[in-house]
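Student: Just final20.txt, nothing more (compact mmCIF, C-alpha atoms):
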# COMPACT_ATOMS: atom_id res chain seq x y z
CA MET A 10 15.72 125.46 -68.47
CA LYS A 11 17.52 127.41 -65.79
CA LYS A 12 15.00 126.42 -63.15
CA SER A 13 15.25 122.72 -64.00
CA GLY A 14 19.05 122.92 -63.99
CA GLY A 15 19.02 124.55 -60.53
CA ALA A 16 16.73 121.86 -59.14
CA GLU A 17 19.02 119.13 -60.48
CA LYS A 18 22.02 120.80 -58.81
CA LYS A 19 20.20 120.86 -55.46
CA ARG A 20 19.38 117.15 -55.75
CA VAL A 21 23.02 116.34 -56.54
CA ARG A 22 24.20 118.35 -53.52
CA ARG A 23 21.76 116.54 -51.18
CA SER A 24 22.78 113.12 -52.48
CA SER A 25 26.48 113.95 -52.18
CA ALA A 26 25.99 115.21 -48.62
CA ALA A 27 24.21 111.98 -47.72
CA THR A 28 27.02 109.88 -49.19
CA GLN A 29 29.64 111.96 -47.38
CA ASN A 30 27.95 111.31 -44.06
CA GLY A 31 28.31 107.63 -44.81
CA SER A 32 24.84 106.67 -43.58
CA ARG A 33 21.26 107.27 -44.40
CA ASP A 34 18.31 107.58 -42.08
CA PRO A 35 16.46 104.28 -42.34
CA ASN A 36 13.18 105.99 -41.44
CA SER A 37 13.53 108.73 -44.07
CA ASP A 38 11.30 106.85 -46.48
CA THR A 39 8.72 106.12 -43.77
CA PRO A 40 5.82 108.54 -43.42
CA PRO A 41 5.58 110.45 -40.09
CA ARG A 42 2.43 108.60 -39.07
CA LYS A 43 4.13 105.23 -39.41
CA GLN A 44 7.11 106.49 -37.38
CA ALA A 45 4.74 107.55 -34.58
CA ALA A 46 3.04 104.15 -34.72
CA GLN A 47 6.41 102.40 -34.44
CA LYS A 48 7.31 104.53 -31.44
CA ASP A 49 4.00 103.74 -29.76
CA LEU A 50 4.64 100.00 -29.98
CA PHE A 51 7.05 100.12 -27.07
CA GLN A 52 4.59 102.28 -25.13
CA LEU A 53 1.86 99.68 -25.66
CA PHE A 54 4.27 96.92 -24.74
CA ALA A 55 5.27 98.71 -21.53
CA GLU A 56 1.63 99.27 -20.54
CA LYS A 57 0.77 95.65 -21.24
CA VAL A 58 3.71 94.35 -19.21
CA ARG A 59 3.01 96.69 -16.31
CA ASP A 60 -0.63 95.61 -16.09
CA HIS A 61 0.29 91.91 -16.18
CA LYS A 62 -0.13 90.22 -12.81
CA ASP A 63 2.74 87.74 -13.28
CA LEU A 64 5.43 90.41 -13.24
CA VAL A 65 6.42 90.79 -9.60
CA SER A 66 6.72 94.46 -8.65
CA ARG A 67 6.79 96.64 -5.56
CA TRP A 68 6.39 100.30 -4.64
CA ALA A 69 9.21 102.46 -3.32
CA VAL A 70 10.22 106.09 -2.89
CA LEU A 71 12.44 107.58 -5.61
CA GLN A 72 13.41 111.21 -5.05
CA GLU A 73 10.35 111.87 -2.85
CA THR A 74 8.07 110.21 -5.42
CA ARG A 75 6.35 106.84 -5.15
CA VAL A 76 7.24 104.60 -8.09
CA GLU A 77 6.49 101.04 -9.09
CA TYR A 78 9.59 98.99 -9.85
CA PHE A 79 10.71 95.44 -10.66
CA ARG A 80 13.94 93.49 -10.69
CA GLY A 81 15.95 92.72 -13.82
CA LYS A 82 16.04 88.97 -13.29
CA ASP A 83 12.26 88.90 -12.78
CA PHE A 84 11.77 90.69 -16.11
CA VAL A 85 13.91 88.12 -17.93
CA SER A 86 12.00 85.19 -16.47
CA PHE A 87 8.71 86.96 -17.16
CA LEU A 88 9.44 87.35 -20.88
CA ARG A 89 10.67 83.75 -21.00
CA ASN A 90 7.34 82.55 -19.61
CA HIS A 91 5.22 84.93 -21.71
CA PRO A 92 6.83 85.21 -25.17
CA GLU A 93 3.47 86.11 -26.75
CA LEU A 94 3.81 89.65 -25.39
CA LYS A 95 6.66 90.27 -27.83
CA ASP A 96 4.16 90.12 -30.69
CA ILE A 97 3.12 93.65 -29.77
CA LEU A 98 6.52 94.87 -30.99
CA GLU A 99 5.83 93.42 -34.48
CA SER A 100 9.16 93.75 -36.34
CA ASP A 101 11.11 93.83 -33.06
CA ARG A 102 9.54 90.68 -31.63
CA SER A 103 12.81 88.78 -31.98
CA LEU A 104 14.67 91.05 -29.56
CA GLU A 105 15.96 89.62 -26.30
CA ALA A 106 14.92 90.87 -22.88
CA GLU A 107 18.13 92.89 -22.57
CA ASP A 108 17.59 94.68 -25.90
CA ILE A 109 13.94 95.38 -25.11
CA THR A 110 14.83 96.85 -21.73
CA ASN A 111 17.55 99.03 -23.25
CA ALA A 112 15.03 100.29 -25.82
CA LEU A 113 12.58 101.14 -23.01
CA LEU A 114 15.38 102.96 -21.19
CA ARG A 115 16.23 104.99 -24.30
CA LYS A 116 12.58 105.95 -24.73
CA ASN A 117 12.38 107.06 -21.07
CA LEU A 118 9.71 104.50 -20.29
CA LEU A 119 11.98 102.96 -17.66
CA VAL A 120 14.73 104.23 -15.41
CA ARG A 121 17.32 102.05 -13.74
CA CYS A 122 17.55 102.52 -9.99
CA ASP A 123 19.74 101.40 -7.16
CA ARG A 124 19.11 100.89 -3.47
CA VAL A 125 19.88 103.80 -1.16
CA VAL A 126 20.99 101.63 1.77
CA LYS A 127 23.89 99.52 0.48
CA THR A 128 25.06 98.09 3.82
CA VAL A 129 23.50 95.26 5.80
CA ARG A 130 21.61 96.54 8.81
CA PRO A 131 22.52 95.19 12.25
CA GLY A 132 20.77 91.92 13.03
CA LYS A 133 20.23 90.96 9.36
CA LYS A 134 22.14 88.51 7.21
CA LYS A 135 21.74 90.20 3.82
CA LEU A 136 20.31 93.24 2.10
CA SER A 137 16.59 93.64 1.69
CA THR A 138 15.14 91.94 -1.38
CA TRP A 139 12.78 94.83 -2.09
CA PRO A 140 14.21 98.14 -0.79
CA ALA A 141 11.79 100.86 0.19
CA HIS A 142 14.01 103.76 -0.96
CA LEU A 143 15.73 104.00 -4.35
CA GLU A 144 18.02 106.34 -6.23
CA ILE A 145 18.82 106.74 -9.93
CA PHE A 146 21.68 104.55 -11.15
CA PRO A 147 24.38 106.38 -13.21
CA ASP A 148 24.59 103.81 -16.05
CA GLN A 149 21.21 103.41 -17.70
CA ILE A 150 21.77 99.93 -19.16
CA PHE A 151 20.17 96.58 -18.46
CA SER A 152 21.54 94.20 -15.85
CA GLU A 153 20.19 91.19 -13.99
CA VAL A 154 22.48 91.43 -10.96
CA ASP A 155 20.81 93.47 -8.21
CA ALA A 156 19.29 95.89 -10.72
CA PHE A 157 15.93 97.61 -10.27
CA PHE A 158 13.87 99.32 -12.96
CA ALA A 159 11.06 101.80 -12.24
CA TRP A 160 8.27 102.78 -14.58
CA THR A 161 8.32 106.47 -15.50
CA PHE A 162 4.95 106.85 -17.24
CA VAL A 163 1.64 107.36 -15.47
CA LYS A 164 -0.42 104.22 -15.31
CA ARG A 165 -3.87 104.33 -16.81
CA ARG A 166 -6.51 104.79 -14.17
CA PRO A 167 -9.05 101.97 -14.17
CA LEU A 168 -12.76 102.63 -14.25
CA TRP A 169 -13.34 101.69 -10.62
CA GLN A 170 -10.86 104.33 -9.44
CA THR A 171 -12.65 106.99 -11.47
CA LEU A 172 -15.98 105.98 -9.99
CA LEU A 173 -14.44 105.92 -6.52
CA SER A 174 -13.16 109.49 -6.92
CA PHE A 175 -16.75 110.61 -7.53
CA PHE A 176 -18.00 108.47 -4.65
CA TRP A 177 -15.81 110.04 -1.93
CA PRO A 178 -17.58 113.45 -1.86
CA VAL A 179 -20.94 111.67 -1.70
CA LEU A 180 -19.70 109.54 1.21
CA THR A 181 -18.43 112.64 3.03
CA LEU A 182 -21.79 114.34 2.65
CA ALA A 183 -23.57 111.20 3.85
CA ILE A 184 -21.39 111.12 6.99
CA CYS A 185 -22.20 114.74 7.73
CA LEU A 186 -25.93 114.02 7.42
CA PHE A 187 -25.83 111.11 9.88
CA PRO A 188 -27.79 112.96 12.67
CA VAL A 189 -30.85 113.38 10.45
CA TYR A 190 -31.07 109.71 9.43
CA PRO A 191 -34.01 107.57 10.56
CA HIS A 192 -33.53 105.57 13.73
CA ARG A 193 -33.19 102.22 11.93
CA CYS A 194 -30.52 103.57 9.59
CA LYS A 195 -28.58 104.90 12.57
CA LEU A 196 -28.72 101.50 14.27
CA LEU A 197 -27.55 99.76 11.08
CA ILE A 198 -24.61 102.14 10.61
CA LEU A 199 -23.69 101.96 14.30
CA TYR A 200 -23.61 98.17 14.43
CA SER A 201 -21.78 97.93 11.09
CA CYS A 202 -19.04 100.35 12.17
CA ALA A 203 -18.76 98.65 15.56
CA GLY A 204 -18.44 95.26 13.85
CA VAL A 205 -15.72 96.50 11.48
CA LEU A 206 -13.83 98.13 14.35
CA LEU A 207 -14.10 94.96 16.43
CA LEU A 208 -12.83 92.91 13.48
CA ILE A 209 -9.79 95.17 12.99
CA LEU A 210 -8.89 95.17 16.69
CA SER A 211 -9.35 91.40 16.94
CA LEU A 212 -7.17 90.87 13.87
CA LEU A 213 -4.39 93.05 15.29
CA LEU A 214 -4.62 91.31 18.68
CA LEU A 215 -4.47 87.81 17.17
CA ARG A 216 -1.62 88.92 14.92
CA ALA A 217 0.40 90.23 17.87
CA THR A 218 -0.39 87.11 19.94
CA ALA A 219 0.78 84.79 17.14
CA PHE A 220 3.97 86.82 16.72
CA GLY A 221 4.71 86.74 20.46
CA ALA A 222 4.08 83.01 20.74
CA CYS A 223 6.26 82.17 17.72
CA TYR A 224 8.99 84.52 18.92
CA ILE A 225 9.14 83.10 22.46
CA ILE A 226 8.59 79.42 21.67
CA LEU A 227 10.19 78.96 18.23
CA GLY A 228 12.50 81.95 18.10
CA ARG A 229 11.08 83.12 14.74
CA ARG A 230 9.52 86.40 13.71
CA VAL A 231 6.24 85.49 12.05
CA TRP A 232 3.92 88.34 11.11
CA PHE A 233 0.66 87.25 9.50
CA PHE A 234 -0.75 90.00 7.26
CA PRO A 235 2.72 91.58 7.11
CA ASN A 236 1.59 94.70 5.21
CA ILE A 237 -1.62 95.42 7.13
CA LEU A 238 -0.01 98.46 8.82
CA ALA A 239 2.17 99.53 5.87
CA GLU A 240 1.92 103.15 4.81
CA GLU A 241 2.78 102.48 1.15
CA ALA A 242 1.27 99.29 -0.24
CA THR A 243 -1.17 98.27 -2.93
CA LEU A 244 -4.55 96.77 -2.09
CA ARG A 245 -3.32 93.31 -3.04
CA GLU A 246 -0.22 93.60 -0.87
CA LEU A 247 -2.20 95.07 2.02
CA PHE A 248 -4.32 91.93 2.52
CA ARG A 249 -1.60 89.37 1.84
CA PHE A 250 -1.92 86.67 4.51
CA TRP A 251 1.31 84.67 4.42
CA PRO A 252 4.25 86.19 6.28
CA GLN A 253 7.52 87.17 4.70
CA LYS A 254 10.68 85.14 5.11
CA ASP A 255 12.56 85.93 8.31
CA GLU A 256 15.91 87.35 7.19
CA GLU A 257 17.13 88.40 10.63
CA GLU A 258 19.25 86.39 13.03
CA ARG A 259 17.53 84.06 15.44
CA PRO A 260 17.20 85.65 18.91
CA LYS A 261 19.07 84.23 21.89
CA TRP A 262 17.27 82.16 24.49
CA THR A 263 17.97 84.79 27.16
CA THR A 264 16.17 87.43 25.09
CA ARG A 265 13.21 85.14 24.56
CA LEU A 266 13.07 84.32 28.28
CA PHE A 267 13.17 88.03 29.17
CA TYR A 268 10.21 88.85 26.88
CA ALA A 269 8.29 85.85 28.24
CA VAL A 270 8.68 87.13 31.81
CA VAL A 271 7.66 90.64 30.72
CA ALA A 272 4.54 89.28 29.00
CA VAL A 273 3.51 87.32 32.12
CA LEU A 274 4.00 90.37 34.34
CA VAL A 275 1.92 92.56 32.02
CA ILE A 276 -0.91 90.02 32.00
CA LEU A 277 -0.89 89.76 35.80
CA LEU A 278 -0.82 93.54 36.16
CA LEU A 279 -3.78 94.00 33.83
CA ARG A 280 -5.72 91.30 35.62
CA HIS A 281 -5.07 92.86 39.03
CA HIS A 282 -6.20 96.33 37.94
CA ALA A 283 -9.19 95.14 35.92
CA PRO A 284 -12.44 96.97 36.83
CA ASP A 285 -14.98 95.14 38.96
CA GLU A 286 -18.58 94.38 38.03
CA ALA A 287 -19.97 97.62 39.50
CA ALA A 288 -17.45 99.76 37.64
CA ARG A 289 -18.12 97.94 34.38
CA ALA A 290 -21.86 98.45 34.84
CA ARG A 291 -21.31 102.14 35.54
CA TYR A 292 -19.12 102.59 32.45
CA GLN A 293 -21.61 100.68 30.34
CA LYS A 294 -24.44 102.92 31.56
CA ARG A 295 -22.52 106.08 30.71
CA VAL A 296 -21.61 104.85 27.23
CA SER A 297 -25.17 103.68 26.56
CA ASN A 298 -26.52 107.08 27.62
CA ILE A 299 -24.17 108.81 25.18
CA ILE A 300 -25.14 106.45 22.36
CA ASP A 301 -28.84 106.89 23.14
CA ASP A 302 -28.47 110.66 22.98
CA VAL A 303 -26.90 110.38 19.53
CA LEU A 304 -29.42 107.88 18.20
CA GLU A 305 -32.54 109.58 19.57
CA TRP A 306 -31.62 113.06 18.34
CA SER A 307 -33.76 114.29 15.47
CA PRO A 308 -34.53 117.66 13.89
CA ARG A 309 -38.07 117.59 15.28
CA LEU A 310 -36.83 117.17 18.84
CA ALA A 311 -34.24 119.87 18.32
CA LEU A 312 -36.80 122.31 16.95
CA SER A 313 -39.30 121.48 19.68
CA GLY A 314 -36.59 122.00 22.30
CA MET A 315 -35.78 125.40 20.82
CA MET A 316 -39.47 126.31 20.88
CA GLU A 317 -39.79 125.22 24.52
CA LYS A 318 -36.77 127.34 25.49
CA GLN A 319 -38.23 130.30 23.66
CA GLN A 320 -41.59 129.78 25.40
CA THR A 321 -39.79 129.53 28.75
CA VAL A 322 -38.07 132.88 28.18
CA ILE A 323 -41.39 134.50 27.23
CA ASN A 324 -43.15 133.13 30.32
CA ALA A 325 -40.31 134.27 32.58
CA THR A 326 -40.57 137.83 31.26
CA GLU A 327 -44.33 138.05 31.82
CA PRO A 328 -45.60 139.64 35.12
CA ASN A 329 -46.68 137.42 38.00
CA ASP A 330 -50.21 138.88 37.91
CA SER A 331 -50.96 137.00 34.75
CA PHE A 332 -51.01 133.69 36.69
CA ALA A 333 -54.50 133.55 38.18
CA GLY A 334 -54.67 129.81 38.51
CA SER A 335 -53.34 127.36 41.06
CA PRO A 336 -49.80 127.60 42.51
CA GLU A 337 -48.74 124.59 40.44
CA GLU A 338 -49.70 126.41 37.25
CA ALA A 339 -47.99 129.55 38.48
CA ALA A 340 -44.71 127.76 39.03
CA SER A 341 -42.11 128.87 36.52
CA PRO A 342 -40.60 126.31 34.10
CA SER A 343 -37.10 127.19 35.34
CA SER A 344 -38.01 125.93 38.83
CA LYS A 345 -39.23 122.66 37.31
CA VAL A 346 -35.96 122.25 35.47
CA GLU A 347 -34.03 122.92 38.68
CA GLU A 348 -36.11 120.31 40.52
CA THR A 349 -35.42 117.76 37.78
CA TYR A 350 -31.66 118.42 37.93
CA SER A 351 -31.70 118.14 41.74
CA GLU A 352 -33.52 114.80 41.57
CA GLN A 353 -31.02 113.45 39.03
CA TYR A 354 -28.11 114.64 41.19
CA GLU A 355 -29.55 112.96 44.31
CA ALA A 356 -30.07 109.70 42.36
CA GLU A 357 -26.46 109.74 41.13
CA VAL A 358 -25.16 110.41 44.67
CA ILE A 359 -27.19 107.52 46.08
CA GLU A 360 -25.98 105.22 43.32
CA ASN A 361 -22.31 106.16 43.93
CA VAL A 362 -22.72 105.56 47.69
CA GLU A 363 -24.23 102.14 47.04
CA ASP A 364 -21.38 101.25 44.67
CA ALA A 365 -18.80 102.33 47.24
CA GLU A 366 -20.45 100.24 49.97
CA GLN A 367 -20.62 97.21 47.67
CA HIS A 368 -16.96 97.64 46.77
CA LYS A 369 -16.00 97.75 50.46
CA ASN A 370 -18.02 94.60 51.15
CA ASP A 371 -16.27 92.84 48.28
CA ASP A 372 -12.87 93.86 49.68
CA HIS A 373 -13.77 92.54 53.15
CA ILE A 374 -14.92 89.26 51.67
Show how you would write the structure in this file as structure tokens.

Tutor:
Amino acid sequence: MKKSGGAEKKRVRRSSAATQNGSRDPNSDTPPRKQAAQKDLFQLFAEKVRDHKDLVSRWAVLQETRVEYFRGKDFVSFLRNHPELKDILESDRSLEAEDITNALLRKNLLVRCDRVVKTVRPGKKKLSTWPAHLEIFPDQIFSEVDAFFAWTFVKRRPLWQTLLSFFWPVLTLAICLFPVYPHRCKLLILYSCAGVLLLILSLLLLRATAFGACYIILGRRVWFFPNILAEEATLRELFRFWPQKDEEERPKWTTRLFYAVVAVLVILLLRHHAPDEAARARYQKRVSNIIDDVLEWSPRLALSGMMEKQQTVINATEPNDSFAGSPEEAASPSSKVEETYSEQYEAEVIENVEDAEQHKNDDHI
């Protein structure tokens, strides 16, 4: 009887304490597993929204860390166009965009940021639409007016990135083993790399030419592939073709005329100092010799060369009496090598003299 009376007193004390506080925890009757599931709903919602392609986002630096962020007004329009995503929240599907964002801020899934540079830079009409550097905003509440929100959780790594992380060491090892590849594989890799390099250089040259022509003729700054040289950009942003909107002031006609004259002078200077046909042939021969040395190298030739050098050292250390044959057989291999080098040197000297004479004849003509 005493034990039951003590238990009843404890229950009365707990109920009175709850009534004195004036409120009761609404989740007190909910099991812990259900509470965890309710908390994970916003996490699932945040992951779904972040992976959606229609939400416009950019990358920036926040306290020396790269973060992905979006604007408040873009989030409102995104939820207006995709209301089906609110079904993930189940009982909270009726919440507005402002309430959902505030809930994400309270759960530390988002953080409100502000631009670091708050003044218009010289030559521009307004602030940048997507700043590259951010800082944490003091008031962590939702706003549509010039408000930026950065994701704080780590994005799930897709399968292709995991496979790529295992592929990089294999690629590094394959690059190191390039000298031992068969001759056809070397040619394929050489021409493929040369083609990619030529494509990149041609793209940059055409991009710069289009910018210069539009700047001088139209007075507009038009950069096709605007993020091709960006240090921090996603793969989709890196290969975006259309240029960004020119937010800077239009240049004066005197500035455009000055750059036009400079461009003409540079073109004339390069044309005047361009190498002639003999020099181009000489450079081409040197480069082709270097490429041939790389392509024709193989472990067999390397080992045979080492064996020949070793045999040469052994023959040089033997006494001269051992050579009982003809004088040609008695000649040491080192003398043959010296004769070969001397013949190559004489051929190069003759070739340089002929090139100099041809160059003088061209100047007289």

Student: Provide the atom CA of A:Pro167 to atom CA of A:Leu206 distance in Å, to one decimal place.

Tutor: 29.2 Å

Student: Set the distance at 12 Å and use all atoms listed in the file: which residues neighbour stretch 245-256 of chain A once local chain neighbours fewer than 5 positions away are removed? I'd like the list as a PyMOL selection string.

Tutor: chain A and resi 62+65-68+129-139+212+216+219-220+223-224+228-240

Student: Those same residues - C-alpha atoms - I'd like them written as a PDB file, in the frame of the given file.

Tutor:
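Generated file (out26.pdb):
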ATOM      1  CA  LYS A  62      -0.130  90.220 -12.810  1.00  0.00           C
ATOM      2  CA  VAL A  65       6.420  90.790  -9.600  1.00  0.00           C
ATOM      3  CA  SER A  66       6.720  94.460  -8.650  1.00  0.00           C
ATOM      4  CA  ARG A  67       6.790  96.640  -5.560  1.00  0.00           C
ATOM      5  CA  TRP A  68       6.390 100.300  -4.640  1.00  0.00           C
ATOM      6  CA  VAL A 129      23.500  95.260   5.800  1.00  0.00           C
ATOM      7  CA  ARG A 130      21.610  96.540   8.810  1.00  0.00           C
ATOM      8  CA  PRO A 131      22.520  95.190  12.250  1.00  0.00           C
ATOM      9  CA  GLY A 132      20.770  91.920  13.030  1.00  0.00           C
ATOM     10  CA  LYS A 133      20.230  90.960   9.360  1.00  0.00           C
ATOM     11  CA  LYS A 134      22.140  88.510   7.210  1.00  0.00           C
ATOM     12  CA  LYS A 135      21.740  90.200   3.820  1.00  0.00           C
ATOM     13  CA  LEU A 136      20.310  93.240   2.100  1.00  0.00           C
ATOM     14  CA  SER A 137      16.590  93.640   1.690  1.00  0.00           C
ATOM     15  CA  THR A 138      15.140  91.940  -1.380  1.00  0.00           C
ATOM     16  CA  TRP A 139      12.780  94.830  -2.090  1.00  0.00           C
ATOM     17  CA  LEU A 212      -7.170  90.870  13.870  1.00  0.00           C
ATOM     18  CA  ARG A 216      -1.620  88.920  14.920  1.00  0.00           C
ATOM     19  CA  ALA A 219       0.780  84.790  17.140  1.00  0.00           C
ATOM     20  CA  PHE A 220       3.970  86.820  16.720  1.00  0.00           C
ATOM     21  CA  CYS A 223       6.260  82.170  17.720  1.00  0.00           C
ATOM     22  CA  TYR A 224       8.990  84.520  18.920  1.00  0.00           C
ATOM     23  CA  GLY A 228      12.500  81.950  18.100  1.00  0.00           C
ATOM     24  CA  ARG A 229      11.080  83.120  14.740  1.00  0.00           C
ATOM     25  CA  ARG A 230       9.520  86.400  13.710  1.00  0.00           C
ATOM     26  CA  VAL A 231       6.240  85.490  12.050  1.00  0.00           C
ATOM     27  CA  TRP A 232       3.920  88.340  11.110  1.00  0.00           C
ATOM     28  CA  PHE A 233       0.660  87.250   9.500  1.00  0.00           C
ATOM     29  CA  PHE A 234      -0.750  90.000   7.260  1.00  0.00           C
ATOM     30  CA  PRO A 235       2.720  91.580   7.110  1.00  0.00           C
ATOM     31  CA  ASN A 236       1.590  94.700   5.210  1.00  0.00           C
ATOM     32  CA  ILE A 237      -1.620  95.420   7.130  1.00  0.00           C
ATOM     33  CA  LEU A 238      -0.010  98.460   8.820  1.00  0.00           C
ATOM     34  CA  ALA A 239       2.170  99.530   5.870  1.00  0.00           C
ATOM     35  CA  GLU A 240       1.920 103.150   4.810  1.00  0.00           C
TER      36      GLU A 240
END

Student: Between A:Asp63, A:Val205, A:His192, A:Leu104, which is the closest to A:Asn90 once you count all atoms listed in the file?

Tutor: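 For A:Asn90, the nearest of the given residues is A:Asp63.
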
Student: Find, counting all atoms listed in the file, the residue in A:Glu305, A:Pro178, A:Ala141, A:Ile226 that gets nearest to A:Thr264.

Tutor: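 With all atoms listed in the file as the atom set, the closest residue is A:Ile226.
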
Student: Which residues come within 9 Å of A:Gln52, counting all atoms listed in the file, excluding same-chain residues fewer than 5 positions away, as a list in words?

Tutor: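 The neighbour list is Lys57, Leu113, Lys116 and Leu118 of chain A.
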
Student: For the atom pair atom CA of A:Arg166 and atom CA of A:Glu56, what is the interatomic distance in Å to one decimal place?

Tutor: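 Distance reported for this atom pair: 11.7 Å.
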
Student: With all atoms listed in the file as the atoms that count, which of A:Trp160, A:Trp262, A:Phe146, A:Phe151 lies nearest to A:Arg75?

Tutor: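 Using all atoms listed in the file, A:Arg75 sits closest to A:Trp160.
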
Student: Just to confirm, what's the straight-line distance from atom CA of A:Tyr190 to atom CA of A:Val303 in Å (one decimal)?

Tutor: 10.9 Å

Student: From the set A:Gln293, A:Ser86, A:Ser307, A:Gln170, which residue has the shortest atom-to-atom contact distance to A:Pro191, counting all atoms listed in the file?

Tutor: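 For A:Pro191, the nearest of the candidates is A:Ser307.
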